[in-house]
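Structure file input_21.cif; described as mmCIF, C-alpha atoms and all ligand atoms.
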data_my_file
loop_
_atom_site.label_atom_id
_atom_site.label_comp_id
_atom_site.auth_asym_id
_atom_site.auth_seq_id
_atom_site.Cartn_x
_atom_site.Cartn_y
_atom_site.Cartn_z
CA MET S 185 -190.20 161.24 -12.95
CA THR S 186 -188.90 158.84 -10.25
CA ASN S 187 -189.63 155.20 -10.87
CA PRO S 188 -190.79 153.47 -7.68
CA ASP S 189 -189.75 149.94 -8.74
CA PRO S 190 -185.99 149.40 -7.97
CA SER S 191 -185.55 146.78 -10.72
CA LEU S 192 -187.08 149.19 -13.24
CA ARG S 193 -184.78 151.94 -12.01
CA VAL S 194 -181.76 149.70 -12.57
CA ALA S 195 -183.03 148.69 -16.02
CA ALA S 196 -183.63 152.34 -16.94
CA ARG S 197 -180.10 153.27 -15.87
CA ARG S 198 -178.59 150.44 -17.91
CA PHE S 199 -180.80 151.23 -20.89
CA THR S 200 -179.68 154.86 -20.81
CA ALA S 201 -176.03 153.82 -20.52
CA GLY S 202 -176.40 151.45 -23.50
CA LEU S 203 -178.12 154.00 -25.71
CA THR S 204 -175.61 156.67 -24.70
CA ALA S 205 -172.73 154.39 -25.67
CA TRP S 206 -174.37 153.64 -29.00
CA PHE S 207 -174.90 157.33 -29.80
CA ALA S 208 -171.22 157.94 -29.05
CA SER S 209 -170.19 154.94 -31.19
CA ILE S 210 -171.80 156.46 -34.28
CA GLY S 211 -170.24 159.84 -33.60
CA LEU S 212 -173.18 161.58 -31.94
CA ASP S 213 -172.97 163.64 -28.75
CA PRO S 214 -175.28 161.92 -26.22
CA ASP S 215 -175.26 165.06 -24.06
CA SER S 216 -176.42 167.38 -26.84
CA PRO S 217 -179.78 169.09 -26.23
CA ALA S 218 -181.25 166.99 -29.05
CA LEU S 219 -180.33 163.63 -27.51
CA ALA S 220 -179.94 164.16 -23.76
CA GLU S 221 -183.56 163.25 -23.01
CA THR S 222 -183.89 160.65 -25.75
CA PRO S 223 -183.22 157.51 -23.67
CA THR S 224 -185.93 158.58 -21.24
CA ARG S 225 -188.34 159.25 -24.10
CA VAL S 226 -187.58 155.90 -25.73
CA LEU S 227 -188.20 154.07 -22.47
CA ARG S 228 -191.46 155.93 -21.97
CA ALA S 229 -192.56 155.03 -25.51
CA LEU S 230 -191.63 151.37 -24.94
CA GLY S 231 -193.66 151.52 -21.73
CA GLU S 232 -196.72 152.54 -23.76
CA PHE S 233 -196.12 149.78 -26.31
CA THR S 234 -195.93 147.19 -23.52
CA ALA S 235 -198.76 148.42 -21.28
CA GLY S 236 -200.69 145.24 -22.15
CA TYR S 237 -198.52 143.20 -19.77
CA ARG S 238 -200.21 145.17 -16.98
CA ASP S 239 -203.71 144.43 -18.31
CA ASP S 240 -205.84 141.28 -18.41
CA PRO S 241 -208.61 140.22 -20.83
CA ALA S 242 -210.50 138.71 -17.88
CA PHE S 243 -211.07 142.21 -16.52
CA HIS S 244 -212.72 143.42 -19.73
CA LEU S 245 -214.70 140.27 -20.48
CA SER S 246 -216.03 139.69 -16.95
CA ARG S 247 -218.68 142.35 -17.57
CA THR S 248 -221.40 140.69 -19.66
CA PHE S 249 -225.13 141.20 -19.98
CA PRO S 250 -228.15 139.35 -21.35
CA ALA S 251 -229.17 140.23 -24.90
CA ASP S 252 -232.03 139.06 -27.08
CA HIS S 253 -230.07 136.94 -29.56
CA ALA S 254 -230.40 133.50 -31.12
CA GLY S 255 -226.78 132.45 -30.88
CA GLN S 256 -225.68 133.99 -34.18
CA PRO S 257 -222.15 135.35 -34.74
CA ILE S 258 -221.29 138.81 -33.39
CA ALA S 259 -218.43 140.69 -35.01
CA VAL S 260 -216.59 143.96 -34.91
CA THR S 261 -214.56 144.69 -38.03
CA GLY S 262 -211.75 146.99 -39.07
CA VAL S 263 -210.47 147.56 -35.54
CA PRO S 264 -207.19 149.49 -35.78
CA PHE S 265 -204.21 148.53 -33.63
CA THR S 266 -200.47 149.03 -33.32
CA SER S 267 -198.13 146.47 -31.84
CA LEU S 268 -194.39 145.99 -31.55
CA CYS S 269 -192.64 143.08 -33.27
CA GLU S 270 -190.61 141.04 -30.83
CA HIS S 271 -187.75 140.58 -33.31
CA HIS S 272 -186.87 144.20 -34.13
CA LEU S 273 -188.95 146.26 -31.67
CA LEU S 274 -190.45 148.02 -34.68
CA PRO S 275 -194.18 148.74 -34.89
CA PHE S 276 -196.62 146.80 -36.99
CA SER S 277 -200.09 148.20 -37.42
CA GLY S 278 -203.27 147.38 -39.21
CA THR S 279 -206.79 146.23 -38.54
CA ALA S 280 -208.48 143.22 -36.98
CA ASP S 281 -211.85 141.61 -37.57
CA ILE S 282 -212.94 139.96 -34.32
CA ALA S 283 -215.96 137.66 -33.97
CA TYR S 284 -217.50 135.13 -31.67
CA GLN S 285 -220.64 133.06 -31.62
CA PRO S 286 -222.32 133.02 -28.21
CA LYS S 287 -224.22 129.93 -27.18
CA PRO S 288 -227.97 130.55 -27.62
CA GLY S 289 -229.14 132.60 -24.65
CA ALA S 290 -225.64 133.22 -23.29
CA SER S 291 -224.75 136.66 -21.96
CA VAL S 292 -222.75 138.79 -24.35
CA ALA S 293 -219.82 141.18 -23.97
CA GLY S 294 -220.16 144.89 -24.67
CA LEU S 295 -219.11 145.95 -28.15
CA SER S 296 -216.05 147.87 -26.91
CA LYS S 297 -214.65 144.86 -25.10
CA LEU S 298 -213.47 143.09 -28.25
CA PRO S 299 -211.16 146.00 -29.25
CA ARG S 300 -210.04 146.23 -25.63
CA VAL S 301 -209.02 142.56 -25.64
CA LEU S 302 -207.15 143.12 -28.90
CA ASP S 303 -205.21 145.96 -27.25
CA VAL S 304 -204.38 143.91 -24.14
CA TYR S 305 -202.34 141.67 -26.41
CA ALA S 306 -201.32 144.19 -29.10
CA ARG S 307 -199.61 146.29 -26.43
CA ARG S 308 -197.03 143.58 -25.84
CA LEU S 309 -194.02 142.35 -27.81
CA GLN S 310 -195.63 140.23 -30.46
CA THR S 311 -195.68 138.12 -33.54
CA GLN S 312 -198.84 138.60 -35.56
CA GLU S 313 -199.66 134.89 -35.44
CA GLN S 314 -199.52 134.88 -31.65
CA LEU S 315 -201.57 138.08 -31.34
CA THR S 316 -204.28 136.60 -33.59
CA ARG S 317 -204.44 133.38 -31.61
CA GLN S 318 -204.41 135.09 -28.20
CA VAL S 319 -207.53 137.09 -29.10
CA THR S 320 -209.61 134.02 -29.95
CA ALA S 321 -208.26 132.11 -26.93
CA ALA S 322 -209.35 134.94 -24.62
CA LEU S 323 -212.86 135.10 -26.12
CA ASP S 324 -213.26 131.34 -25.69
CA GLU S 325 -211.88 131.37 -22.17
CA HIS S 326 -213.97 134.22 -20.80
CA LEU S 327 -217.21 134.10 -22.83
CA ASP S 328 -219.70 131.29 -23.35
CA THR S 329 -218.94 130.64 -27.02
CA LEU S 330 -219.51 128.11 -29.78
CA GLY S 331 -216.46 129.51 -31.51
CA ALA S 332 -214.37 132.59 -32.11
CA ALA S 333 -212.45 134.12 -34.99
CA CYS S 334 -209.85 136.81 -35.49
CA ILE S 335 -208.43 137.96 -38.82
CA ILE S 336 -205.61 140.49 -38.81
CA ARG S 337 -204.11 142.41 -41.72
CA SER S 338 -201.14 144.60 -40.94
CA GLU S 339 -198.04 146.25 -42.28
CA HIS S 340 -194.79 145.51 -40.44
CA GLY S 341 -192.25 148.28 -40.00
CA CYS S 342 -189.43 145.76 -40.09
CA LEU S 343 -190.54 144.53 -43.51
CA ALA S 344 -191.48 147.95 -44.88
CA HIS S 345 -188.62 150.22 -43.80
CA ARG S 346 -185.52 148.07 -43.37
CA GLY S 347 -184.35 144.59 -44.36
CA ALA S 348 -186.42 143.47 -47.34
CA ARG S 349 -187.91 147.03 -47.61
CA LYS S 350 -191.35 146.21 -48.94
CA PRO S 351 -193.66 149.09 -47.97
CA GLY S 352 -197.29 148.34 -48.75
CA ALA S 353 -196.92 144.58 -48.29
CA SER S 354 -199.40 143.18 -45.76
CA MET S 355 -199.34 140.14 -43.52
CA VAL S 356 -202.69 138.42 -43.08
CA THR S 357 -203.32 135.93 -40.29
CA ALA S 358 -206.43 134.14 -39.09
CA SER S 359 -207.38 132.16 -36.02
CA TYR S 360 -210.59 130.12 -35.89
CA THR S 361 -211.88 128.10 -32.98
CA GLY S 362 -214.94 125.95 -32.29
CA ARG S 363 -217.42 125.70 -35.13
CA PHE S 364 -215.50 128.26 -37.25
CA LEU S 365 -212.65 125.78 -37.24
CA THR S 366 -214.61 122.56 -37.68
CA ASP S 367 -217.52 123.64 -39.90
CA PRO S 368 -216.53 125.06 -43.32
CA GLN S 369 -220.06 126.40 -43.89
CA ALA S 370 -219.99 128.30 -40.58
CA ARG S 371 -216.63 129.80 -41.58
CA ALA S 372 -217.93 130.75 -45.04
CA ASP S 373 -221.04 132.37 -43.50
CA LEU S 374 -218.79 134.28 -41.10
CA HIS S 375 -216.67 135.60 -43.98
CA THR S 376 -219.85 136.74 -45.75
CA LEU S 377 -220.86 138.60 -42.57
CA LEU S 378 -217.41 140.19 -42.18
CA THR S 379 -217.30 141.49 -45.73
CA ARG S 380 -220.81 142.99 -45.77
N1 LIG S 401 -193.93 135.09 -38.96
C1 LIG S 401 -193.68 136.33 -38.53
N2 LIG S 401 -192.50 136.89 -38.83
C2 LIG S 401 -192.28 138.15 -38.40
C3 LIG S 401 -193.19 138.89 -37.67
N3 LIG S 401 -192.65 140.11 -37.41
C4 LIG S 401 -191.43 140.09 -37.98
N4 LIG S 401 -191.19 138.90 -38.59
C5 LIG S 401 -190.04 138.38 -39.31
O1 LIG S 401 -189.11 137.86 -38.39
C6 LIG S 401 -187.97 137.50 -39.16
C7 LIG S 401 -186.73 137.58 -38.33
O2 LIG S 401 -185.74 137.05 -39.16
P1 LIG S 401 -184.18 137.08 -38.85
O3 LIG S 401 -183.50 136.48 -40.05
O4 LIG S 401 -183.94 136.48 -37.50
O5 LIG S 401 -183.90 138.65 -38.72
P2 LIG S 401 -183.37 139.68 -39.82
O6 LIG S 401 -181.99 139.32 -40.24
O7 LIG S 401 -183.57 141.05 -39.28
O8 LIG S 401 -184.37 139.40 -41.04
P3 LIG S 401 -184.77 140.36 -42.25
O9 LIG S 401 -186.02 141.09 -41.83
O10 LIG S 401 -185.05 139.40 -43.39
O11 LIG S 401 -183.65 141.29 -42.53
C8 LIG S 401 -188.01 138.40 -40.37
O12 LIG S 401 -188.23 137.56 -41.49
C9 LIG S 401 -189.21 139.30 -40.14
O13 LIG S 401 -189.86 139.67 -41.34
C10 LIG S 401 -194.43 138.27 -37.35
O14 LIG S 401 -195.30 138.83 -36.69
N5 LIG S 401 -194.62 136.99 -37.78
ZN ZN S 402 -189.76 142.63 -36.95
#
Could you write out this structure as structure tokens?
Amino acid sequence: MTNPDPSLRVAARRFTAGLTAWFASIGLDPDSPALAETPTRVLRALGEFTAGYRDDPAFHLSRTFPADHAGQPIAVTGVPFTSLCEHHLLPFSGTADIAYQPKPGASVAGLSKLPRVLDVYARRLQTQEQLTRQVTAALDEHLDTLGAACIIRSEHGCLAHRGARKPGASMVTASYTGRFLTDPQARADLHTLLTR
């Protein structure tokens, strides 16, 4: 497939040259049927993992509607995601609990929009801390909230399969804003809701 963007075409050519040189350096034949298309496939896969740079949470959260609520927390839990660590370009994947508390009477976002916002940021090169914080920042920026929360548990490929090699170990991160940050009781009530 021809890439229309000249700078992407140059990057793709250089990427292919680099990967080809590396294959050769470890004694592999870059032109073998097994590997000839591999640089293109890798680039395509990286394109999928970084599709979030071409997306914007504002787009997903601009569509809100009135709902009969009293300003209590709204959460979606166990949302699966996969991201790519910015240090090793290896995947980390797990689940996120995402919540926000709308101001009483404020319009709310559709249920699917919280996972969509997660994916806008997960499909970028990430650290888990940054991903967690970006989700709550987006909810606060684009919705009328009293606070937001995001708790992520994931397994990192770079920790599981190389380096320290600790498969099964999880990283857990949390970001709280607004009353979930300042009011311990609100945070405790939220945790009760999330674990129901
Ligand atoms: N805090 C944090 N660390 C991460 C994340 N993803 C990967 N890392 C860590 O980033 C660190 C990079 O450390 P370096 O010493 O620069 O790289 P390295 O030599 O490959 O490190 P090892 O993984 O210990 O072999 C490692 O400790 C990884 O476990 C993340 O989302 N958050
Ligand atoms: Zn890593």
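Atom to atom, atom C8 of ligand LIG 401 (chain S) and atom CA of S:Arg307 stand 19.8 Å apart.
Between atom CA of S:Tyr305 and atom CA of S:Ser267 there is a distance of 8.4 Å.
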- [ ] Counting only C-alpha atoms and all ligand atoms, name the residues that have an atom within 9 Å of an atom of ligand LIG 401 (chain S); the answer should be given as a list in words.
- [x] Leu268, Cys269, Glu270, His271, His272, Leu274, Phe276, Gln310, Thr311, Gln312, Glu313, Gln314, Leu315, His340, Gly341, Cys342, Leu343, Arg346, Gly347, Ala348, Arg349 and Met355 of chain S
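In this model, the gap between atom CA of S:Ala370 and atom CA of S:Val292 comes to 19.5 Å.
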Open item on the list: I'd like the contact shell of S:Ala333 - 8 Å cut-off, all atoms listed in the file, skipping same-chain residues fewer than 6 positions apart - returned as a ChimeraX atom specification.
Closed with: /S:281-284,320,358-361,364
Task: Nearest to S:Ala322 by atom-to-atom distance, counting all atoms listed in the file, from S:Ala372, S:Ile258, S:Val356, S:Ala242 - done: S:Ala242
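Shortest separation to S:Val260 among S:Ala235, S:Ala195, S:Ala280, S:Leu273 occurs at residue S:Ala280, atoms counted being all atoms listed in the file.
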Open item on the list: Give me the residues near stretch 219-227 of chain S as a list of chain:residue names, where near means some atom within 9 Å (using only C-alpha atoms) and where sequence neighbours in that chain fewer than 6 positions away do not count.
Closed with: S:Ala196, S:Phe199, S:Thr200, S:Ala201, S:Leu203, S:Thr204, S:Phe207, S:Leu212, S:Asp213
Could you write out as JSON the box around stretch 368-374 of chain S (axis-aligned, all atoms listed in the file, 4 Å on each side), with centre and edge lengths in Å to one decimal?
{"center_x": -218.8, "center_y": 129.7, "center_z": -42.8, "size_x": 12.5, "size_y": 17.2, "size_z": 12.5}
Task: Best match for closeness to ligand ZN 402 (chain S) among S:Val304, S:Ala259, S:Ala344, S:Ile210, counting only C-alpha atoms and all ligand atoms - done: S:Ala344
- [ ] Would you kindly return, as a PyMOL selection string, each protein, DNA or RNA residue with an atom no farther than 6 Å from any atom of S:Ser338, considering only C-alpha atoms and excluding same-chain residues fewer than 2 positions away?
- [x] chain S and resi 277-278+354-355
Open item on the list: Just checking: using all atoms listed in the file, which residue out of S:Arg197, S:His345, S:Lys287, S:Arg308 ends up closest to ligand ZN 402 (chain S)?
Closed with: S:His345
